[in-house]
Structure formats: structure tokens, C-alpha cells
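Asks: My structure is in input.txt, and what it holds is compact mmCIF, C-alpha atoms and all ligand atoms:
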```txt
# COMPACT_ATOMS: atom_id res chain seq x y z
CA MET J 154 103.49 88.56 166.14
CA GLY J 155 101.30 85.62 165.09
CA SER J 156 103.06 83.10 162.82
CA LEU J 157 100.33 80.70 161.67
CA THR J 158 98.87 80.97 158.17
CA PRO J 159 95.14 81.73 157.69
CA GLU J 160 94.73 78.05 156.64
CA GLN J 161 96.35 76.82 159.86
CA ILE J 162 94.19 79.17 161.93
CA ASP J 163 91.01 77.99 160.14
CA HIS J 164 92.06 74.36 160.69
CA TYR J 165 92.45 75.01 164.42
CA TRP J 166 89.00 76.55 164.82
CA GLU J 167 87.30 73.97 162.57
CA GLU J 168 89.00 70.82 163.85
CA GLY J 169 90.11 71.87 167.33
CA TYR J 170 93.83 71.49 166.70
CA VAL J 171 96.71 72.33 164.39
CA ILE J 172 100.31 71.13 164.10
CA ALA J 173 103.10 73.69 163.64
CA PRO J 174 106.19 71.83 162.42
CA SER J 175 109.71 72.24 163.86
CA VAL J 176 109.31 74.78 166.66
CA LEU J 177 112.40 73.33 168.37
CA ASP J 178 115.72 72.61 166.67
CA ARG J 179 117.98 69.63 167.32
CA ASP J 180 120.19 71.49 169.85
CA GLU J 181 117.20 72.72 171.86
CA ILE J 182 115.75 69.22 171.94
CA ALA J 183 119.07 67.74 173.12
CA ARG J 184 119.37 70.45 175.79
CA TYR J 185 115.91 69.80 177.27
CA LEU J 186 116.31 66.02 177.16
CA GLU J 187 119.64 66.22 178.95
CA ARG J 188 118.34 68.55 181.64
CA ALA J 189 115.23 66.44 182.23
CA ARG J 190 117.45 63.40 182.69
CA GLU J 191 119.58 65.21 185.29
CA ILE J 192 116.41 66.18 187.18
CA ALA J 193 115.08 62.61 186.91
CA LEU J 194 118.33 61.32 188.39
CA GLY J 195 117.91 63.56 191.42
CA ASP J 196 119.14 67.07 190.57
CA ILE J 197 116.04 68.70 192.04
CA PRO J 198 115.63 70.88 195.15
CA GLU J 199 114.38 68.92 198.16
CA ALA J 200 111.29 71.14 198.41
CA ALA J 201 110.30 70.27 194.84
CA ALA J 202 111.03 66.53 195.08
CA ASN J 203 107.34 65.56 194.93
CA ARG J 204 107.01 67.24 191.53
CA LEU J 205 108.93 64.26 190.15
CA VAL J 206 106.03 61.82 189.69
CA ARG J 207 106.42 58.09 189.01
CA ASP J 208 103.92 56.22 186.88
CA ILE J 209 101.26 54.69 189.13
CA LEU J 210 102.31 51.14 188.20
CA PHE J 211 105.72 51.77 189.78
CA ALA J 212 104.41 54.05 192.55
CA LYS J 213 102.00 51.32 193.70
CA GLY J 214 104.56 48.49 193.31
CA LYS J 215 102.55 46.78 190.55
CA LEU J 216 105.75 46.68 188.48
CA PRO J 217 109.30 46.36 189.81
CA LEU J 218 111.33 49.56 189.62
CA PRO J 219 113.56 49.64 186.53
CA GLY J 220 117.34 50.07 186.92
CA ASP J 221 117.14 53.46 185.25
CA PRO J 222 114.97 55.80 187.40
CA GLU J 223 114.00 57.84 184.35
CA HIS J 224 112.22 54.76 182.96
CA ALA J 225 109.77 54.77 185.91
CA LEU J 226 108.57 58.35 185.47
CA TRP J 227 105.21 59.67 184.45
CA LYS J 228 106.10 63.34 184.60
CA ILE J 229 108.06 66.25 185.97
CA MET J 230 105.44 68.77 187.14
CA ASN J 231 106.08 72.50 186.84
CA PRO J 232 109.84 72.28 186.20
CA ASP J 233 109.82 76.03 185.49
CA ARG J 234 109.56 76.59 189.26
CA PHE J 235 112.92 75.05 190.08
CA ASP J 236 114.91 74.77 186.86
CA ALA J 237 116.15 77.66 184.73
CA THR J 238 116.76 75.50 181.65
CA LEU J 239 113.29 73.95 181.44
CA ALA J 240 111.78 77.31 182.45
CA GLU J 241 112.82 78.51 178.98
CA CYS J 242 109.93 76.39 177.67
CA LEU J 243 107.43 78.96 179.01
CA ARG J 244 108.72 81.49 176.50
CA LEU J 245 109.82 79.66 173.34
CA PRO J 246 109.44 82.39 170.70
CA ARG J 247 108.20 80.09 167.92
CA VAL J 248 105.58 78.61 170.26
CA LEU J 249 104.41 82.01 171.50
CA ASP J 250 104.10 83.27 167.91
CA ALA J 251 101.91 80.30 167.00
CA VAL J 252 99.79 80.66 170.16
CA GLU J 253 99.37 84.39 169.54
CA SER J 254 97.80 83.58 166.15
CA LEU J 255 95.05 81.67 167.98
CA ILE J 256 94.32 83.43 171.28
CA GLY J 257 95.83 86.88 170.89
CA GLU J 258 98.86 88.80 172.05
CA ASP J 259 98.32 88.86 175.84
CA LEU J 260 99.53 85.50 177.05
CA MET J 261 99.80 83.72 180.38
CA ALA J 262 101.69 80.43 180.55
CA PHE J 263 100.32 78.45 183.48
CA LEU J 264 101.15 74.74 183.40
CA LEU J 265 104.43 73.29 182.16
CA MET J 266 104.99 69.52 182.35
CA PHE J 267 107.61 67.17 180.99
CA ILE J 268 105.73 63.93 180.34
CA TYR J 269 107.18 60.44 179.89
CA LYS J 270 105.72 57.08 178.91
CA PRO J 271 107.64 54.31 180.64
CA PRO J 272 109.31 52.14 177.97
CA GLY J 273 107.80 48.68 177.57
CA VAL J 274 104.69 49.45 179.66
CA ALA J 275 101.74 48.95 177.33
CA GLN J 276 99.17 49.48 180.10
CA ALA J 277 100.33 53.06 180.96
CA ILE J 278 97.27 54.69 179.42
CA HIS J 279 95.90 58.21 179.81
CA PRO J 280 92.19 57.86 178.96
CA PHE J 281 90.14 60.25 176.84
CA HIS J 282 89.61 63.57 178.58
CA GLN J 283 89.21 67.30 177.99
CA ASP J 284 91.75 69.54 179.68
CA ALA J 285 89.05 72.19 180.17
CA ALA J 286 87.70 69.94 182.97
CA TYR J 287 90.68 71.10 185.06
CA PHE J 288 90.81 74.77 184.19
CA MET J 289 88.64 77.06 186.26
CA PHE J 290 88.74 80.09 184.05
CA GLN J 291 86.97 81.35 180.96
CA PRO J 292 86.41 81.85 178.11
CA GLN J 293 87.72 78.35 177.37
CA ASP J 294 88.37 79.21 173.74
CA LYS J 295 91.04 81.62 174.98
CA CYS J 296 93.01 78.74 176.54
CA LEU J 297 94.95 76.07 174.71
CA GLY J 298 97.36 73.20 175.13
CA VAL J 299 100.77 72.92 173.48
CA TRP J 300 102.27 69.41 173.11
CA ILE J 301 105.82 69.06 171.74
CA PRO J 302 107.30 65.56 171.42
CA LEU J 303 111.07 65.31 171.90
CA ASP J 304 111.19 61.77 170.49
CA PRO J 305 109.51 60.55 167.29
CA VAL J 306 105.97 59.61 168.41
CA SER J 307 103.61 57.05 166.93
CA GLU J 308 100.96 54.58 168.00
CA ALA J 309 103.70 52.18 169.17
CA ASN J 310 105.14 54.44 171.85
CA GLY J 311 102.03 56.13 173.21
CA THR J 312 101.52 59.21 171.08
CA LEU J 313 98.46 61.41 171.51
CA ALA J 314 95.18 60.44 169.82
CA ILE J 315 92.66 63.24 169.33
CA VAL J 316 89.02 63.36 168.28
CA PRO J 317 88.77 66.09 165.61
CA ARG J 318 85.90 68.58 166.16
CA SER J 319 85.19 67.30 169.69
CA HIS J 320 86.01 70.83 170.93
CA ARG J 321 82.46 71.65 169.83
CA LEU J 322 81.16 69.58 172.77
CA ASP J 323 80.54 71.06 176.20
CA VAL J 324 82.86 70.05 179.00
CA LEU J 325 81.78 66.49 179.85
CA LYS J 326 81.59 65.00 183.31
CA HIS J 327 84.96 63.51 184.30
CA GLU J 328 85.74 60.67 186.70
CA VAL J 329 88.63 58.85 188.37
CA LYS J 330 89.40 55.45 186.81
CA GLU J 331 91.02 52.50 188.54
CA GLY J 332 94.70 52.05 187.66
CA ILE J 333 95.13 55.48 186.08
CA ASN J 334 97.76 57.94 187.29
CA PHE J 335 96.91 60.13 190.32
CA GLY J 336 95.26 63.33 189.13
CA ALA J 337 94.38 62.04 185.66
CA LEU J 338 90.64 62.13 184.97
CA ALA J 339 88.64 60.35 182.27
CA ALA J 340 85.66 61.82 180.42
CA GLU J 341 82.70 59.67 181.49
CA GLY J 342 81.56 57.09 178.94
CA ILE J 343 84.19 57.89 176.29
CA GLU J 344 87.20 55.62 176.88
CA ASP J 345 85.09 52.45 176.65
CA ASN J 346 83.12 53.69 173.62
CA ALA J 347 84.43 52.21 170.33
CA GLU J 348 82.84 55.05 168.36
CA TYR J 349 85.23 57.62 169.84
CA HIS J 350 88.23 55.37 169.24
CA ALA J 351 87.12 54.99 165.61
CA LYS J 352 86.77 58.76 165.19
CA ALA J 353 90.15 59.48 166.79
CA ILE J 354 93.29 60.33 164.83
CA THR J 355 96.54 58.91 166.19
CA LEU J 356 99.19 61.57 165.68
CA SER J 357 102.60 60.65 164.28
CA MET J 358 104.96 63.55 164.88
CA GLN J 359 108.67 64.30 164.71
CA PRO J 360 110.73 65.70 167.59
CA GLY J 361 110.24 69.45 167.83
CA ASP J 362 106.85 69.54 166.07
CA CYS J 363 104.15 71.34 168.02
CA LEU J 364 100.51 70.37 168.45
CA LEU J 365 98.24 73.22 169.54
CA PHE J 366 94.83 72.07 170.73
CA ASN J 367 91.64 73.49 172.16
CA THR J 368 91.11 72.59 175.83
CA ARG J 369 87.74 70.91 175.05
CA LEU J 370 89.29 68.59 172.44
CA LEU J 371 88.99 64.95 173.55
CA HIS J 372 92.40 63.31 173.63
CA ARG J 373 94.16 60.28 175.10
CA SER J 374 97.51 58.54 174.99
CA GLY J 375 98.21 54.82 174.91
CA GLY J 376 101.04 52.82 176.46
CA ASN J 377 104.60 52.60 175.19
CA ARG J 378 105.21 49.16 173.66
CA THR J 379 108.73 50.07 172.52
CA LEU J 380 111.89 49.93 174.59
CA GLY J 381 112.68 53.58 173.88
CA HIS J 382 111.59 56.79 175.56
CA ARG J 383 108.54 58.85 174.65
CA ARG J 384 109.19 62.28 176.11
CA VAL J 385 107.06 65.37 175.61
CA ILE J 386 106.99 68.98 176.76
CA THR J 387 103.47 70.23 177.35
CA LEU J 388 102.47 73.75 178.20
CA HIS J 389 99.08 75.27 178.79
CA MET J 390 98.43 78.87 177.98
CA ALA J 391 95.56 81.30 178.42
CA SER J 392 94.88 84.81 177.29
CA SER J 393 95.45 87.22 180.16
CA THR J 394 91.94 88.50 179.41
CA CYS J 395 90.49 85.28 180.92
CA GLU J 396 88.67 85.40 184.25
CA MET J 397 88.87 82.90 187.11
CA THR J 398 85.67 80.91 187.71
CA GLY J 399 86.92 78.74 190.58
CA PRO J 400 89.79 78.32 193.03
CA ALA J 401 93.33 78.31 191.62
CA LEU J 402 95.28 75.08 192.07
CA SER J 403 98.91 75.09 193.12
CA GLU J 404 99.79 73.42 189.80
CA TYR J 405 98.93 76.64 187.97
CA GLY J 406 101.59 79.33 188.36
CA PHE J 407 100.46 82.04 185.98
CA ALA J 408 103.39 83.81 184.28
CA LEU J 409 102.83 86.70 181.91
CA VAL J 410 104.93 85.73 178.88
CA ARG J 411 103.69 88.26 176.34
CA GLY J 412 101.59 91.44 176.42
CA ARG J 413 99.87 92.85 179.51
CA THR J 414 97.46 92.05 182.31
CA TYR J 415 93.88 93.33 182.74
CA PRO J 416 92.06 94.32 185.95
CA GLY J 417 89.81 91.53 187.26
CA CYS J 418 91.43 88.94 184.98
CA LEU J 419 94.19 86.35 185.45
CA GLU J 420 97.04 87.67 187.58
CA PRO J 421 100.65 86.47 187.56
CA VAL J 422 101.69 84.34 190.56
CA GLU J 423 104.97 85.90 191.70
CA GLU J 424 106.44 83.01 193.70
CA PRO J 425 104.60 79.78 192.97
CA GLU J 426 105.04 77.00 195.54
CA LEU J 427 107.90 74.59 195.03
CA LYS J 428 106.20 71.73 196.82
CA LEU J 429 103.17 70.20 195.13
CA ILE J 430 100.32 70.93 197.57
CA THR J 431 96.92 70.74 195.94
CA ARG J 432 96.05 67.70 193.93
CA ILE J 433 93.01 67.61 191.71
CA VAL J 434 92.49 64.04 192.85
CA GLU J 435 94.30 62.40 195.79
O1 LIG J 501 101.30 63.10 176.84
C1 LIG J 501 100.45 62.36 177.31
O2 LIG J 501 100.68 61.17 177.51
C2 LIG J 501 99.08 62.85 177.65
C3 LIG J 501 99.07 64.26 178.03
C4 LIG J 501 97.70 64.72 178.36
O3 LIG J 501 96.74 64.31 177.80
C5 LIG J 501 97.51 65.72 179.38
O4 LIG J 501 98.45 66.03 180.13
O5 LIG J 501 96.37 66.22 179.49
```
Mind turning this structure into C-alpha cells?
Replies:
Amino acid sequence: MGSLTPEQIDHYWEEGYVIAPSVLDRDEIARYLERAREIALGDIPEAAANRLVRDILFAKGKLPLPGDPEHALWKIMNPDRFDATLAECLRLPRVLDAVESLIGEDLMAFLLMFIYKPPGVAQAIHPFHQDAAYFMFQPQDKCLGVWIPLDPVSEANGTLAIVPRSHRLDVLKHEVKEGINFGALAAEGIEDNAEYHAKAITLSMQPGDCLLFNTRLLHRSGGNRTLGHRRVITLHMASSTCEMTGPALSEYGFALVRGRTYPGCLEPVEEPELKLITRIVE
């Protein structure tokens, strides 16, 4: 059953996002942080090894590798495919209840990531973009992103900045930018435009809080100028009433997490690939 208040639901549709506080408790946060660290230190099946992705600055040798391998990471892609503990994040009841309030009771989870910001690396930036640029299914308003920090996040450690109401825009043209992580795209003409930076809100959130945001909402994250971690669970979800409009990418392993499927609409992927095969950008 949906858990958001009418005010929260209105805020989401008006502004393009809403924050639901405390969807994870302290024990859950500790459990996911510990498991991610074990994976980062090598507890990952050989076939899935390339789903452990280093930040481009380390991958390209622009910065020396830190002593702690977890400090070099950008993200763990699709951990639900090889790890039972992190796979729980596809079906967190408090998250599903909030999502149901916004896009209905038939829910596919399709992209789980555990995202880091390397400590002390101010230039590890993810430029302004709209996630809808990656998702080849519609209607877009029946898809959303969930972003749950596991550390306190602020401007200093590379939190998310969002442009309220930008979900009213169409999907903009996106491009590859020099020095940005493989696969990350930038909305053309936005990152270098001071107007968008001025309109953006930099989110300060506590561990376990949950941002839900429309897939056309412009958002970015800055670098981490602190010496501590900035770790986040992100999950994308779509209503199972959505229809594909393009080829599926191997990153998207649709799992029905609530409700039912519909003929001609998104179908669950029974055994998604362990190895990362398709890349949006090589
Ligand atoms: O958490 C971050 O640093 C950015 C995440 C993001 O924007 C994305 O994955 O689309």
C-alpha cells in the first residue's frame, strides 16, 4: 500500500522529487555497508568481476591507486545479480510503499547500483543529466529513481544536486564529456550553464533517507572533498504497465517486485547476465 501523504505526492509531481525520511534503520545501513565492503575487497564471482567499476581517474591511471581498494571505486553495478544481501534492496518494503504512492502498485525494479565517491577526489563529478536519456521505455512518468545515502551527505562529500521542476522539460540531448566516468552522459549545454547551477538545490540528507525523483529531473553530483566515504544505494523502478521503446541493455534486469505483469509491457528477465556486456558508452 502507498505510504506517502497527499502533500508528499503533490510535492513530487510539482517539483519532480520528494524525500521520504528514514526508510532504512541503523542495522540495515550497517549490513549493506559491510557487505559492499566485502564485495569491494574481492568477494565477487569471477563472472561478475567487471561489475565492480573504478572511478575513471584511477581506471585511467590519472591518480595513483589508494591503499584501500574501496576508496578507488565509482560503483558496484547490479549487485542483486550476484549477492543475496544487496539483492534485498530491490524489495525494501518502506521503499516500495513510497514508490507505489507515485507510480502505482505494479512495480518492476530494474537497475540497482551501489555508488561511491572516492574520498578526497574533488574532480570526481557526475555532470547534470536526466536518467530518462538511458531508459528506453514509456511512459516516463511511470519510472522513477530512488537514491538512499548510507553516509550523511552534503555539498562537501558530493551529494546530489537537483533542479526542481526540470522534470517538466523534454528529454534533452546528452553527450559524452572528457574525463567523466565511462557510461555517464551529460545533458548538452547544462553543466557549463551557471543558470542551472543557481537554480539547483544541493541536498543534505541523513543515512537511510530516501530521495524519489522523476527520471527527467536534471541532477548532478560533485566531488568528495572530505576524507570519508560517500556511499549510496540507487534503484530505478518502473510500472510494469510501461512499454519498451528501444533495445534492452544488459544493465537492466527487470524483476517484478510488486503486483503483476501485463501483456505487451515490461517482462521480467529470469536470469540476467552476470558479466557486464552492453555499455551505453564504451
Ligand atoms: O550518486 C551519484 O553520484 C550520482 C548518481 C546519478 O546521478 C545516477 O546514477 O544517475
Asks: Please provide as a PDB file with C-alpha atoms, keeping the file's coordinate frame all residues within 12 Å of Leu243 of chain J, with the sequence filter that same-chain residues fewer than 4 positions apart are discarded (counting all atoms listed in the file).
Replies:
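To be explicit, this is the file written out as part-v8.pdb:
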```
ATOM      1  CA  ASN J 231     106.080  72.500 186.840  1.00  0.00           C
ATOM      2  CA  PRO J 232     109.840  72.280 186.200  1.00  0.00           C
ATOM      3  CA  ASP J 233     109.820  76.030 185.490  1.00  0.00           C
ATOM      4  CA  ARG J 234     109.560  76.590 189.260  1.00  0.00           C
ATOM      5  CA  ASP J 236     114.910  74.770 186.860  1.00  0.00           C
ATOM      6  CA  ALA J 237     116.150  77.660 184.730  1.00  0.00           C
ATOM      7  CA  THR J 238     116.760  75.500 181.650  1.00  0.00           C
ATOM      8  CA  LEU J 239     113.290  73.950 181.440  1.00  0.00           C
ATOM      9  CA  ARG J 247     108.200  80.090 167.920  1.00  0.00           C
ATOM     10  CA  VAL J 248     105.580  78.610 170.260  1.00  0.00           C
ATOM     11  CA  LEU J 249     104.410  82.010 171.500  1.00  0.00           C
ATOM     12  CA  VAL J 252      99.790  80.660 170.160  1.00  0.00           C
ATOM     13  CA  LEU J 260      99.530  85.500 177.050  1.00  0.00           C
ATOM     14  CA  MET J 261      99.800  83.720 180.380  1.00  0.00           C
ATOM     15  CA  ALA J 262     101.690  80.430 180.550  1.00  0.00           C
ATOM     16  CA  PHE J 263     100.320  78.450 183.480  1.00  0.00           C
ATOM     17  CA  LEU J 264     101.150  74.740 183.400  1.00  0.00           C
ATOM     18  CA  LEU J 265     104.430  73.290 182.160  1.00  0.00           C
ATOM     19  CA  MET J 266     104.990  69.520 182.350  1.00  0.00           C
ATOM     20  CA  PHE J 267     107.610  67.170 180.990  1.00  0.00           C
ATOM     21  CA  VAL J 299     100.770  72.920 173.480  1.00  0.00           C
ATOM     22  CA  ILE J 386     106.990  68.980 176.760  1.00  0.00           C
ATOM     23  CA  THR J 387     103.470  70.230 177.350  1.00  0.00           C
ATOM     24  CA  LEU J 388     102.470  73.750 178.200  1.00  0.00           C
ATOM     25  CA  HIS J 389      99.080  75.270 178.790  1.00  0.00           C
ATOM     26  CA  MET J 390      98.430  78.870 177.980  1.00  0.00           C
ATOM     27  CA  GLY J 406     101.590  79.330 188.360  1.00  0.00           C
ATOM     28  CA  PHE J 407     100.460  82.040 185.980  1.00  0.00           C
ATOM     29  CA  ALA J 408     103.390  83.810 184.280  1.00  0.00           C
ATOM     30  CA  LEU J 409     102.830  86.700 181.910  1.00  0.00           C
ATOM     31  CA  VAL J 410     104.930  85.730 178.880  1.00  0.00           C
ATOM     32  CA  ARG J 411     103.690  88.260 176.340  1.00  0.00           C
TER      33      ARG J 411
END
```
Asks: Collect all residues with atoms no farther than 7 Å from ligand LIG 501 (chain J), counting all atoms listed in the file, and output them as a PyMOL selection string.
Replies: chain J and resi 268-270+279+284+311-313+372-374+385
Asks: Taking into account all atoms listed in the file, which residue in the set J:Ala200, J:Ile354, J:Ala391, J:Cys296 is nearest to Leu371 of chain J?
Replies: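 Closest residue, counting all atoms listed in the file: J:Ile354.
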Asks: Using only C-alpha atoms, which of the listed residues (J:Cys418, J:Ala202, J:Val176, J:Val171) sits closest to Ile315 of chain J?
Replies: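 Of J:Cys418, J:Ala202, J:Val176, J:Val171, the one nearest Ile315 of chain J, counting only C-alpha atoms, is J:Val171.
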Asks: Which residue, J:His282, J:Lys352, J:Arg244, J:Lys215, has the smallest gap to Ala339 of chain J when you use only C-alpha atoms?
Replies: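 Closest candidate: J:His282.
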Asks: Would you work out the distance separating atom CA of Pro198 of chain J from atom CA of Leu226 of chain J, expressed in Å to one decimal?
Replies: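 So the answer is 17.3 Å.
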Asks: Within 8 Å of Asn310 of chain J, counting only C-alpha atoms, which residues show up once you throw out same-chain ones fewer than 6 positions away? Write them as JSON, numbers by chain, please.
Replies: {"J": [270, 272, 375, 376, 377, 378, 379, 381, 382, 383]}
Asks: Atom CA of Phe235 of chain J and atom CA of Asp250 of chain J are how many Å apart?
Replies: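 We find that atom CA of Phe235 of chain J and atom CA of Asp250 of chain J lie 25.2 Å from each other.
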Asks: Output as a PDB file, in the coordinates of the input: segment 270-285 of chain J, completed with N, CA and C atoms.
Replies:
```
ATOM      1  N   LYS J 270     106.482  58.337 178.939  1.00  0.00           N
ATOM      2  CA  LYS J 270     105.720  57.080 178.910  1.00  0.00           C
ATOM      3  C   LYS J 270     106.737  56.009 179.228  1.00  0.00           C
ATOM      4  N   PRO J 271     106.604  55.298 180.321  1.00  0.00           N
ATOM      5  CA  PRO J 271     107.640  54.310 180.640  1.00  0.00           C
ATOM      6  C   PRO J 271     107.819  53.287 179.514  1.00  0.00           C
ATOM      7  N   PRO J 272     109.064  53.088 179.065  1.00  0.00           N
ATOM      8  CA  PRO J 272     109.310  52.140 177.970  1.00  0.00           C
ATOM      9  C   PRO J 272     108.839  50.735 178.331  1.00  0.00           C
ATOM     10  N   GLY J 273     108.208  50.073 177.383  1.00  0.00           N
ATOM     11  CA  GLY J 273     107.800  48.680 177.570  1.00  0.00           C
ATOM     12  C   GLY J 273     106.589  48.488 178.464  1.00  0.00           C
ATOM     13  N   VAL J 274     105.857  49.574 178.772  1.00  0.00           N
ATOM     14  CA  VAL J 274     104.690  49.450 179.660  1.00  0.00           C
ATOM     15  C   VAL J 274     103.418  49.778 178.862  1.00  0.00           C
ATOM     16  N   ALA J 275     102.877  48.752 178.239  1.00  0.00           N
ATOM     17  CA  ALA J 275     101.740  48.950 177.330  1.00  0.00           C
ATOM     18  C   ALA J 275     100.494  49.429 178.066  1.00  0.00           C
ATOM     19  N   GLN J 276     100.396  49.127 179.372  1.00  0.00           N
ATOM     20  CA  GLN J 276      99.170  49.480 180.100  1.00  0.00           C
ATOM     21  C   GLN J 276      99.201  50.908 180.683  1.00  0.00           C
ATOM     22  N   ALA J 277     100.262  51.679 180.427  1.00  0.00           N
ATOM     23  CA  ALA J 277     100.330  53.060 180.960  1.00  0.00           C
ATOM     24  C   ALA J 277      99.511  53.977 180.042  1.00  0.00           C
ATOM     25  N   ILE J 278      98.213  53.980 180.303  1.00  0.00           N
ATOM     26  CA  ILE J 278      97.270  54.690 179.420  1.00  0.00           C
ATOM     27  C   ILE J 278      96.761  55.964 180.093  1.00  0.00           C
ATOM     28  N   HIS J 279      96.589  57.001 179.325  1.00  0.00           N
ATOM     29  CA  HIS J 279      95.900  58.210 179.810  1.00  0.00           C
ATOM     30  C   HIS J 279      94.585  58.276 179.031  1.00  0.00           C
ATOM     31  N   PRO J 280      93.456  57.995 179.695  1.00  0.00           N
ATOM     32  CA  PRO J 280      92.190  57.860 178.960  1.00  0.00           C
ATOM     33  C   PRO J 280      91.698  59.185 178.359  1.00  0.00           C
ATOM     34  N   PHE J 281      90.727  59.065 177.468  1.00  0.00           N
ATOM     35  CA  PHE J 281      90.140  60.250 176.840  1.00  0.00           C
ATOM     36  C   PHE J 281      89.682  61.264 177.897  1.00  0.00           C
ATOM     37  N   HIS J 282      90.040  62.496 177.678  1.00  0.00           N
ATOM     38  CA  HIS J 282      89.610  63.570 178.580  1.00  0.00           C
ATOM     39  C   HIS J 282      89.669  64.896 177.842  1.00  0.00           C
ATOM     40  N   GLN J 283      89.111  65.910 178.485  1.00  0.00           N
ATOM     41  CA  GLN J 283      89.210  67.300 177.990  1.00  0.00           C
ATOM     42  C   GLN J 283      89.960  68.097 179.054  1.00  0.00           C
ATOM     43  N   ASP J 284      90.984  68.785 178.679  1.00  0.00           N
ATOM     44  CA  ASP J 284      91.750  69.540 179.680  1.00  0.00           C
ATOM     45  C   ASP J 284      90.903  70.642 180.325  1.00  0.00           C
ATOM     46  N   ALA J 285      89.890  71.118 179.613  1.00  0.00           N
ATOM     47  CA  ALA J 285      89.050  72.190 180.170  1.00  0.00           C
ATOM     48  C   ALA J 285      88.397  71.751 181.486  1.00  0.00           C
TER      49      ALA J 285
END
```
